[in-house]
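Just my_file-v4.txt here, compact mmCIF, C-alpha atoms and all ligand atoms:
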```
# COMPACT_ATOMS: atom_id res chain seq x y z
CA MET A 161 115.94 97.77 83.87
CA THR A 162 115.56 98.74 87.51
CA SER A 163 117.20 96.88 90.38
CA THR A 164 115.62 96.68 93.82
CA ALA A 165 116.73 96.93 97.43
CA ALA A 166 114.86 95.24 100.25
CA ARG A 167 112.42 97.47 102.06
CA PRO A 168 113.00 96.91 105.79
CA GLY A 169 110.29 94.92 107.43
CA THR A 170 108.28 94.23 104.31
CA GLY A 171 110.43 92.18 102.02
CA MET A 172 109.33 94.47 99.22
CA GLY A 173 111.87 96.13 96.98
CA ARG A 174 112.44 99.81 96.46
CA PRO A 175 113.53 100.45 92.89
CA ILE A 176 116.97 101.93 92.49
CA ALA A 177 117.68 103.47 89.16
CA PRO A 178 120.86 102.14 87.57
CA ALA A 179 122.24 105.65 87.13
CA VAL A 180 122.24 106.01 90.90
CA SER A 181 124.88 103.68 92.22
CA SER A 182 126.93 106.01 94.42
CA GLY A 183 127.64 104.74 97.91
CA ASP A 184 127.34 108.34 99.16
CA ARG A 185 123.58 108.48 98.83
CA PRO A 186 122.05 109.74 102.07
CA CYS A 187 119.21 107.27 101.62
CA LYS A 188 121.80 104.56 102.18
CA THR A 189 123.77 106.23 104.94
CA VAL A 190 121.27 107.97 107.26
CA SER A 191 121.10 106.35 110.69
CA LYS A 192 117.80 104.67 109.83
CA PRO A 193 118.55 103.63 106.25
CA PHE A 194 115.66 103.81 103.82
CA GLU A 195 112.81 104.09 106.33
CA ALA A 196 112.58 107.88 106.06
CA PHE A 197 112.25 107.48 102.34
CA TYR A 198 109.10 105.39 102.69
CA GLU A 199 107.19 106.57 105.74
CA SER A 200 105.05 109.64 105.22
CA ALA A 201 105.74 110.96 108.73
CA ASP A 202 109.44 111.11 107.95
CA GLN A 203 109.32 112.36 104.40
CA LEU A 204 110.44 115.86 105.29
CA ARG A 205 113.59 114.36 106.81
CA ALA A 206 114.16 112.32 103.67
CA ARG A 207 113.70 115.34 101.42
CA VAL A 208 116.19 117.34 103.47
CA ALA A 209 118.68 114.45 103.18
CA CYS A 210 118.20 114.33 99.40
CA ARG A 211 119.23 117.98 99.11
CA ARG A 212 122.82 117.11 100.00
CA CYS A 213 122.90 114.00 97.83
CA PRO A 214 125.62 114.06 95.15
CA VAL A 215 123.35 112.29 92.68
CA LEU A 216 120.18 114.29 93.31
CA THR A 217 119.57 115.29 89.70
CA ASP A 218 120.43 111.84 88.30
CA CYS A 219 118.16 110.22 90.86
CA LEU A 220 115.22 112.44 89.99
CA ARG A 221 115.73 111.91 86.28
CA ALA A 222 115.96 108.15 86.73
CA SER A 223 112.87 108.00 88.92
CA LEU A 224 110.85 109.95 86.34
CA ASP A 225 111.86 107.37 83.77
CA ALA A 226 110.75 104.49 86.04
CA ASP A 227 106.96 104.32 85.99
CA GLU A 228 106.77 102.26 89.15
CA SER A 229 108.47 104.80 91.40
CA LEU A 230 105.89 107.45 90.51
CA TYR A 231 103.11 105.48 92.12
CA ALA A 232 104.46 102.93 94.52
CA TRP A 233 107.34 104.50 96.37
CA GLY A 234 108.19 107.40 98.62
CA ILE A 235 110.88 110.02 98.24
CA PHE A 236 113.14 109.97 95.21
CA GLY A 237 115.31 112.83 93.98
CA GLY A 238 114.07 114.99 96.86
CA LEU A 239 110.47 114.93 95.62
CA THR A 240 107.28 113.24 96.75
CA PRO A 241 105.39 110.90 94.40
CA GLU A 242 102.80 113.66 93.75
CA GLN A 243 105.52 116.12 92.77
CA ARG A 244 107.16 113.58 90.46
CA ARG A 245 103.82 112.85 88.82
CA ALA A 246 103.27 116.59 88.32
CA LEU A 247 106.68 116.75 86.70
CA ARG A 248 105.77 113.87 84.42
CA VAL A 249 102.68 115.81 83.28
CA GLU A 250 104.88 118.87 82.68
CA GLU A 251 107.06 116.73 80.43
CA VAL A 252 104.04 115.39 78.55
CA LEU A 253 103.17 119.04 77.94
CA GLY A 254 106.68 119.62 76.62
CA ASN A 255 108.02 121.40 79.72
CA VAL A 256 111.26 119.74 80.75
CA ALA A 257 113.00 121.15 83.82
CA ASP A 258 116.70 122.02 83.73
CA LEU A 259 117.60 120.14 86.91
CA ALA A 260 121.12 121.58 87.14
CA VAL A 261 119.71 125.12 87.09
CA ALA A 262 116.98 124.13 89.55
CA ARG A 263 119.63 122.90 91.96
CA ILE A 264 121.42 126.26 91.80
CA LEU A 265 118.14 128.12 92.35
CA ALA A 266 117.35 125.99 95.40
CA ARG A 267 120.50 127.14 97.19
CA GLY A 268 122.00 130.25 98.79
CA GLN A 269 120.81 133.66 97.67
CA TRP A 270 118.45 132.22 95.04
CA GLY A 271 116.84 129.92 97.53
CA TYR A 272 116.42 132.84 99.88
CA ARG A 273 114.74 134.90 97.14
CA LEU A 274 112.43 132.10 96.11
CA ARG A 275 111.40 131.57 99.74
CA ALA A 276 110.52 135.26 99.99
CA MET A 277 108.34 134.94 96.87
CA LEU A 278 106.73 131.81 98.26
CA GLU A 279 105.72 133.67 101.39
CA LEU A 280 103.96 136.21 99.18
CA GLY A 281 101.92 133.39 97.58
CA ARG A 282 103.41 133.84 94.12
CA THR A 283 102.69 131.37 91.32
CA TYR A 284 105.63 129.54 89.76
CA GLU A 285 105.16 131.63 86.64
CA GLU A 286 105.25 134.87 88.67
CA MET A 287 108.47 133.69 90.31
CA ARG A 288 110.02 132.98 86.93
CA THR A 289 109.03 136.42 85.66
CA CYS A 290 110.42 138.07 88.78
CA LEU A 291 113.77 136.25 88.48
CA GLU A 292 114.09 137.35 84.88
CA ARG A 293 112.91 140.94 85.33
CA GLU A 294 114.71 141.78 88.56
CA PHE A 295 117.80 139.56 88.43
CA ARG A 296 118.23 138.80 84.71
CA VAL A 297 118.04 135.08 85.51
CA LYS A 298 116.45 133.01 82.78
CA ALA A 299 114.85 129.77 83.90
CA SER A 300 111.72 128.02 82.72
CA THR A 301 108.65 127.90 84.93
CA VAL A 302 109.02 124.17 85.48
CA THR A 303 112.67 124.64 86.50
CA VAL A 304 111.56 127.19 89.10
CA ARG A 305 108.88 124.74 90.22
CA VAL A 306 111.44 122.00 90.91
CA ALA A 307 113.68 124.49 92.75
CA VAL A 308 110.75 125.47 94.98
CA TRP A 309 110.00 121.81 95.74
CA TRP A 310 113.65 121.19 96.58
CA LEU A 311 113.44 124.10 98.98
CA GLY A 312 110.70 122.17 100.75
CA GLY A 313 108.00 124.59 99.60
CA SER A 314 105.01 124.47 97.36
CA GLY A 315 104.10 127.40 95.15
CA ARG A 316 100.97 127.97 93.13
CA VAL A 317 100.07 126.80 89.67
CA LEU A 318 96.75 128.60 89.56
CA PRO A 319 96.73 132.30 90.35
CA ARG A 320 95.55 133.37 93.77
CA PRO A 321 91.87 134.37 93.49
CA ASP A 322 90.91 137.99 93.67
CA THR A 323 89.69 138.86 97.16
CA ALA A 324 86.29 139.71 95.65
CA ASP A 325 86.15 136.33 93.88
CA GLY A 326 83.84 134.22 96.03
CA ARG A 327 84.08 131.15 93.81
CA ARG A 328 85.40 127.93 95.30
CA VAL A 329 88.29 125.98 93.75
CA PRO A 330 86.16 123.53 91.67
CA GLN A 331 84.14 126.36 90.16
CA ARG A 332 87.24 128.40 89.34
CA LEU A 333 88.89 125.33 87.89
CA ARG A 334 85.93 124.61 85.64
CA GLU A 335 85.24 128.17 84.55
CA ASP A 336 88.80 129.50 84.19
CA HIS A 337 90.80 126.37 83.36
CA GLY A 338 88.25 124.06 81.73
CA GLU A 339 90.08 124.13 78.43
CA LEU A 340 93.32 123.00 80.06
CA LEU A 341 91.53 120.25 82.01
CA LEU A 342 89.96 118.90 78.84
CA LYS A 343 93.29 119.09 77.04
CA LEU A 344 94.97 117.06 79.81
CA GLN A 345 92.09 114.58 79.82
CA GLY A 346 92.49 114.22 76.06
CA MET A 347 96.15 113.27 76.59
CA ASP A 348 95.04 110.18 78.49
CA LEU A 349 96.49 111.40 81.77
CA ARG A 350 95.13 109.99 85.01
CA GLN A 351 92.95 112.33 87.05
CA ARG A 352 95.27 111.94 90.04
CA ASP A 353 98.17 113.07 87.86
CA ILE A 354 96.23 116.07 86.57
CA ALA A 355 95.43 116.95 90.19
CA ALA A 356 99.11 116.60 91.12
CA TYR A 357 100.07 118.85 88.22
CA LEU A 358 97.57 121.54 89.24
CA GLU A 359 98.32 121.00 92.96
CA VAL A 360 94.62 120.60 93.76
CA GLN A 361 92.68 117.67 95.18
CA GLU A 362 91.86 114.74 92.91
CA ARG A 363 88.15 114.91 93.78
CA GLN A 364 88.08 118.53 92.56
CA VAL A 365 89.44 117.43 89.18
CA GLN A 366 86.95 114.54 89.07
CA TYR A 367 84.06 116.89 89.80
CA CYS A 368 85.13 119.45 87.18
CA LEU A 369 85.75 116.92 84.45
CA ALA A 370 82.40 115.21 85.13
CA ARG A 371 80.63 118.58 84.80
CA LEU A 372 82.58 119.59 81.69
CA ASN A 373 81.99 116.25 79.98
CA ARG A 374 78.28 116.42 80.78
CA GLU A 375 78.07 119.94 79.34
CA ILE A 376 79.84 118.79 76.17
CA ARG A 377 77.42 115.84 75.78
CA GLN A 378 74.41 118.10 76.32
CA ALA A 379 75.71 120.64 73.77
CA ALA A 380 76.23 117.84 71.23
CA GLN A 381 72.70 116.50 71.84
CA THR A 382 71.24 119.98 71.44
CA ALA A 383 73.15 120.47 68.18
CA VAL A 384 71.83 117.15 66.81
CA ALA A 385 68.26 118.06 67.84
CA VAL A 386 68.51 121.47 66.12
CA GLN A 387 69.88 119.83 62.98
CA THR A 388 67.07 117.24 62.99
CA VAL A 389 64.41 119.94 63.34
CA GLY A 390 66.06 121.91 60.52
CA LEU A 391 66.03 118.89 58.22
CA ALA A 392 62.39 118.13 59.04
CA ALA A 393 61.26 121.69 58.38
S1 LIG A 401 118.44 111.95 95.79
FE1 LIG A 401 117.55 111.10 97.67
S2 LIG A 401 116.51 109.19 97.06
FE2 LIG A 401 117.93 109.78 95.40
S3 LIG A 401 119.82 108.66 95.77
FE3 LIG A 401 120.01 110.67 96.74
S4 LIG A 401 119.33 110.42 98.86
FE4 LIG A 401 118.60 108.63 97.70
```
Produce structure tokens that represent the structure in this file.
Amino acid sequence: MTSTAARPGTGMGRPIAPAVSSGDRPCKTVSKPFEAFYESADQLRARVACRRCPVLTDCLRASLDADESLYAWGIFGGLTPEQRRALRVEEVLGNVADLAVARILARGQWGYRLRAMLELGRTYEEMRTCLEREFRVKASTVTVRVAVWWLGGSGRVLPRPDTADGRRVPQRLREDHGELLLKLQGMDLRQRDIAAYLEVQERQVQYCLARLNREIRQAAQTAVAVQTVGLAA
């Protein structure tokens, strides 16, 4: 069960996960309590505050377990709602982040290295491979992804297109990742969550899935027509 705290000026409640009861939470002690954790203009400030929170990992875990906070509320556990939804999809796919390791990677020398990789436009998977190959650090891709988010960055899920590849994102999504999109659709995930997971726009996912579903229907109709002609012959 999730308790609530009054949202200033609205009377609405912000869910607070029971595991997060420490009085040292920055979201309770910043000079403008709570507001930064709701208002989009201030979300960067809230995310920075979360990074020094003693219950960061517990807070993120609790917010992932509370459906409501994924859709209705602002910053929790240092992540935006979109990032938390992406993480939920990762978990549906069986990829659970090691939050303690992610916290280490988001600090000091590891944070510095991840930032350098971010500037080069690396995917999360490329960052993971680099950490393992060059520094003998073993961390899952989703753990690296959370660390990057906690650093305030955003890496890439899909590889950067070849410079000679003139295709736009929806076309690349459909042609190169259609199988994954259909798999996620088949898991009853919302299109906005799939978009959050892939870090693309929701309308791009909508467009691709509409095209893919139409192609599948047409292929099925063609197969039935061929079978009918065969039976009639
Ligand atoms: S991680 Fe952020 S949202 Fe969660 S309790 Fe700490 S300061 Fe508040």
Report as a tab-separated table: every residue of chain A with an atom at most 6 Å from ligand LIG 401 (chain A), its closest pair of atoms, and their distance in Å to one decimal, counting only C-alpha atoms and all ligand atoms, with rows sorted by chain and ascending residue number.
```
residue	atom	partner	partner_atom	distance
A:Arg185	CA	A:LIG401	S4	4.7
A:Pro186	CA	A:LIG401	S4	4.3
A:Cys187	CA	A:LIG401	S4	4.2
A:Ala209	CA	A:LIG401	S4	5.9
A:Cys210	CA	A:LIG401	FE1	3.7
A:Cys213	CA	A:LIG401	FE3	4.5
A:Val215	CA	A:LIG401	FE3	5.5
A:Leu216	CA	A:LIG401	S1	3.8
A:Cys219	CA	A:LIG401	FE2	4.6
A:Ile235	CA	A:LIG401	S2	5.8
A:Phe236	CA	A:LIG401	S2	3.9
A:Gly237	CA	A:LIG401	S1	3.7
A:Gly238	CA	A:LIG401	FE1	5.3
```
### Summary
One decimal place gives the CA of Leu230 (chain A)-CA of Trp270 (chain A) separation as 28.1 Å
### Task
Write out as a PyMOL selection string each polymer residue whose atoms come within 10 Å of Gln345 (chain A), counting only C-alpha atoms; drop sequence neighbours fewer than 5 positions from it.
chain A and resi 339-340+350-351+354+369
### Query
So how many Å separate CA of Gly281 (chain A) and CA of Leu318 (chain A), to one decimal?
10.7 Å
### Task
Mind checking which residues fall within 8 Å of Arg263 (chain A), counting all atoms listed in the file, ignoring those fewer than 2 positions away in the same chain, and posting them as a list in words?
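In the requested format, the answer is Thr217, Leu259, Ala260, Val261, Leu265, Ala266, Arg267, Ala307 and Trp310 of chain A.
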### Task
Considering all atoms listed in the file, state which residue in the set A:Arg288, A:Lys298, A:Lys343, A:Arg328 is at the smallest distance from Arg273 (chain A).
A:Arg288
### Query
From the set A:Leu220, A:Leu358, A:Leu372, A:Val317, which residue has the shortest atom-to-atom contact distance to Glu335 (chain A), counting only C-alpha atoms?
A:Leu372
May I have the residues within 12 Å of Ile264 (chain A) as a PDB file with C-alpha atoms, in the frame of the given file, using only C-alpha atoms and disregarding those fewer than 4 positions away in the same chain?
```
ATOM      1  CA  ARG A 211     119.230 117.980  99.110  1.00  0.00           C
ATOM      2  CA  THR A 217     119.570 115.290  89.700  1.00  0.00           C
ATOM      3  CA  ASP A 258     116.700 122.020  83.730  1.00  0.00           C
ATOM      4  CA  LEU A 259     117.600 120.140  86.910  1.00  0.00           C
ATOM      5  CA  ALA A 260     121.120 121.580  87.140  1.00  0.00           C
ATOM      6  CA  GLY A 268     122.000 130.250  98.790  1.00  0.00           C
ATOM      7  CA  GLN A 269     120.810 133.660  97.670  1.00  0.00           C
ATOM      8  CA  TRP A 270     118.450 132.220  95.040  1.00  0.00           C
ATOM      9  CA  GLY A 271     116.840 129.920  97.530  1.00  0.00           C
ATOM     10  CA  TYR A 272     116.420 132.840  99.880  1.00  0.00           C
ATOM     11  CA  LEU A 274     112.430 132.100  96.110  1.00  0.00           C
ATOM     12  CA  VAL A 297     118.040 135.080  85.510  1.00  0.00           C
ATOM     13  CA  ALA A 299     114.850 129.770  83.900  1.00  0.00           C
ATOM     14  CA  THR A 303     112.670 124.640  86.500  1.00  0.00           C
ATOM     15  CA  VAL A 304     111.560 127.190  89.100  1.00  0.00           C
ATOM     16  CA  VAL A 306     111.440 122.000  90.910  1.00  0.00           C
ATOM     17  CA  ALA A 307     113.680 124.490  92.750  1.00  0.00           C
ATOM     18  CA  VAL A 308     110.750 125.470  94.980  1.00  0.00           C
ATOM     19  CA  TRP A 310     113.650 121.190  96.580  1.00  0.00           C
ATOM     20  CA  LEU A 311     113.440 124.100  98.980  1.00  0.00           C
TER      21      LEU A 311
END
```
Find the smallest box with edges along x, y and z containing every listed atom of region 296-312 of chain A, then add 6 Å on each side and report centre and edge lengths in Å to one decimal, as JSON.
```
{"center_x": 113.4, "center_y": 130.0, "center_z": 91.7, "size_x": 21.6, "size_y": 29.6, "size_z": 30.0}
```
### Message
Report, in Å with one decimal, the straight-line distance from CA of Asp336 (chain A) to CA of Pro319 (chain A).
### Response
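Those two atoms sit 10.4 Å apart.
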